[in-house]
Amino acid sequence: PIGTSTNLSAGDTFQGTFDGQGFTITGLNVEHQDVAGLFGYVYGATIKNVTIEGANIYSNHYAGGVVAWVLNNKGNIKVPFVMENCHVKNAEVTVTPLNKDDGNQAGAIVGYLSGESEAYVKGCSVTDAVITAYRDVAGIAGTANQTAVITGNRLVNVTVIADHTVEYTAKKAVNAGIVAGRVNTKATITENEVDEATSVTVKVNTAESLQRALD
């Protein structure tokens, strides 16, 4: 992915503006233990006007069809993040557990959306996609943190799967959703369109995992 660490001084985190100018990226295949997507770690930034089609994204922690992890607060310096007019089609995004604090943060658009400063995902769409993780998994964003805003997006035939049949040493809440999985009480999720074919499934194989799904 573009941006493989949070080391801003080394230039390993994407910053700035990416304008896809309406072009389509096809056949994107990304596998990375920590962050997987077209972009891995993004600090602030604007990402717009791009379509990702036929992608396979795999990680053990953060994964998104466009961005895995959005940061917008580093050393008390807050910068805005905007993603707009980005589209993901015919894609699979998968996050599987490796240790006690992963298997999470999976979304077709963005895995983890920090909202410690302004953070927007708007006017994006997901079509014919499957997003699978142990927890914090959804059609747009695995997590919408702090004051993140997800608005005016569209989901068509999107399957979200929280797989609690996998071996995992920690007991974590499911946090699976159609638009966003884990949602901070300050976040705003509004005016997103979802068709009838879009669904959320929680897979369980024990009474304990069933109870977590029901909580």
# chains A, B, ... in the order shown; residues from 1 in each chain; ligands from 1
$ residues_around --residues "A:Gly64" --least-positions-apart "2" --cutoff "6 Å" --atoms "only C-alpha atoms" --output "MDAnalysis selection string"
chainID A and resid 37 66:68 106:111
$ residues_around --residues "A:Thr96" --least-positions-apart "2" --cutoff "8 Å" --atoms "only C-alpha atoms" --output "ChimeraX atom specification"
/A:59-61,94,98,102-104,133-134
$ write_last_selection --atoms "N, CA and C atoms" --output "compact mmCIF listing (two decimals), in the first residue's frame"
# COMPACT_ATOMS: atom_id res chain seq x y z
N SER A 59 -5.50 -8.34 5.37
CA SER A 59 -4.64 -7.90 6.45
C SER A 59 -5.01 -8.64 7.73
N ASN A 60 -4.16 -8.47 8.75
CA ASN A 60 -4.49 -8.98 10.08
C ASN A 60 -5.02 -7.88 10.99
N HIS A 61 -5.02 -6.65 10.51
CA HIS A 61 -5.50 -5.58 11.37
C HIS A 61 -6.36 -4.58 10.60
N THR A 94 -10.67 -8.49 3.60
CA THR A 94 -10.65 -9.52 4.64
C THR A 94 -9.60 -9.21 5.69
N LEU A 98 -4.60 -12.33 14.29
CA LEU A 98 -3.28 -12.90 14.47
C LEU A 98 -2.90 -12.92 15.95
N ASP A 102 -6.25 -7.63 17.26
CA ASP A 102 -6.39 -7.35 15.84
C ASP A 102 -7.61 -8.09 15.30
N GLY A 103 -7.59 -8.45 14.01
CA GLY A 103 -8.77 -9.07 13.40
C GLY A 103 -9.89 -8.08 13.20
N ASN A 104 -9.54 -6.79 13.19
CA ASN A 104 -10.58 -5.75 13.19
C ASN A 104 -10.25 -4.62 12.23
N ALA A 133 -14.33 -9.70 8.79
CA ALA A 133 -13.37 -9.50 9.87
C ALA A 133 -13.93 -10.15 11.12
N TYR A 134 -13.10 -10.23 12.15
CA TYR A 134 -13.58 -10.74 13.43
C TYR A 134 -14.49 -9.73 14.10
$ closest_residue --among "A:Ala138, A:Val166, A:Val88, A:Leu71" --to "A:Thr206" --atoms "only C-alpha atoms"
A:Val166
$ closest_residue --among "A:Val42, A:Ala148, A:Ala91, A:Leu113" --to "A:Ile131" --atoms "only C-alpha atoms"
A:Ala91
$ residues_around --residues "A:Pro1" --least-positions-apart "5" --cutoff "10 Å" --atoms "only C-alpha atoms" --output "compact mmCIF listing (two decimals) with N, CA and C atoms, in the first residue's frame"
# COMPACT_ATOMS: atom_id res chain seq x y z
N PHE A 14 1.06 8.66 3.91
CA PHE A 14 0.59 9.52 2.82
C PHE A 14 -0.01 10.80 3.38
N ASN A 29 -4.51 -5.99 -5.77
CA ASN A 29 -4.30 -7.05 -4.79
C ASN A 29 -3.28 -6.57 -3.77
N VAL A 30 -3.70 -6.46 -2.51
CA VAL A 30 -2.82 -5.97 -1.46
C VAL A 30 -2.91 -6.90 -0.26
N GLU A 31 -1.76 -7.36 0.21
CA GLU A 31 -1.68 -8.15 1.44
C GLU A 31 -0.59 -7.56 2.32
N HIS A 32 -0.97 -7.14 3.52
CA HIS A 32 -0.03 -6.53 4.45
C HIS A 32 -0.51 -6.84 5.86
N VAL A 35 -1.57 -2.96 7.61
CA VAL A 35 -2.49 -2.09 6.88
C VAL A 35 -2.55 -2.52 5.42
N ALA A 36 -3.76 -2.68 4.91
CA ALA A 36 -3.92 -3.09 3.51
C ALA A 36 -4.99 -2.25 2.84
N GLY A 37 -4.69 -1.82 1.63
CA GLY A 37 -5.61 -1.02 0.83
C GLY A 37 -4.80 -0.32 -0.24
N LEU A 38 -5.44 0.48 -1.07
CA LEU A 38 -4.68 1.31 -2.00
C LEU A 38 -3.73 2.19 -1.19
N PHE A 39 -4.26 2.77 -0.09
CA PHE A 39 -3.45 3.51 0.87
C PHE A 39 -3.45 2.76 2.20
N GLY A 40 -2.31 2.78 2.86
CA GLY A 40 -2.21 2.17 4.19
C GLY A 40 -2.49 3.20 5.25
N TYR A 41 -1.42 3.85 5.74
CA TYR A 41 -1.56 4.93 6.71
C TYR A 41 -1.68 6.27 5.98
N VAL A 66 -10.03 1.53 -0.12
CA VAL A 66 -9.29 2.73 -0.50
C VAL A 66 -8.21 3.05 0.53
N VAL A 67 -8.59 3.15 1.80
CA VAL A 67 -7.64 3.50 2.86
C VAL A 67 -7.79 2.54 4.04
N ALA A 68 -6.66 2.11 4.60
CA ALA A 68 -6.70 1.24 5.78
C ALA A 68 -6.90 2.04 7.06
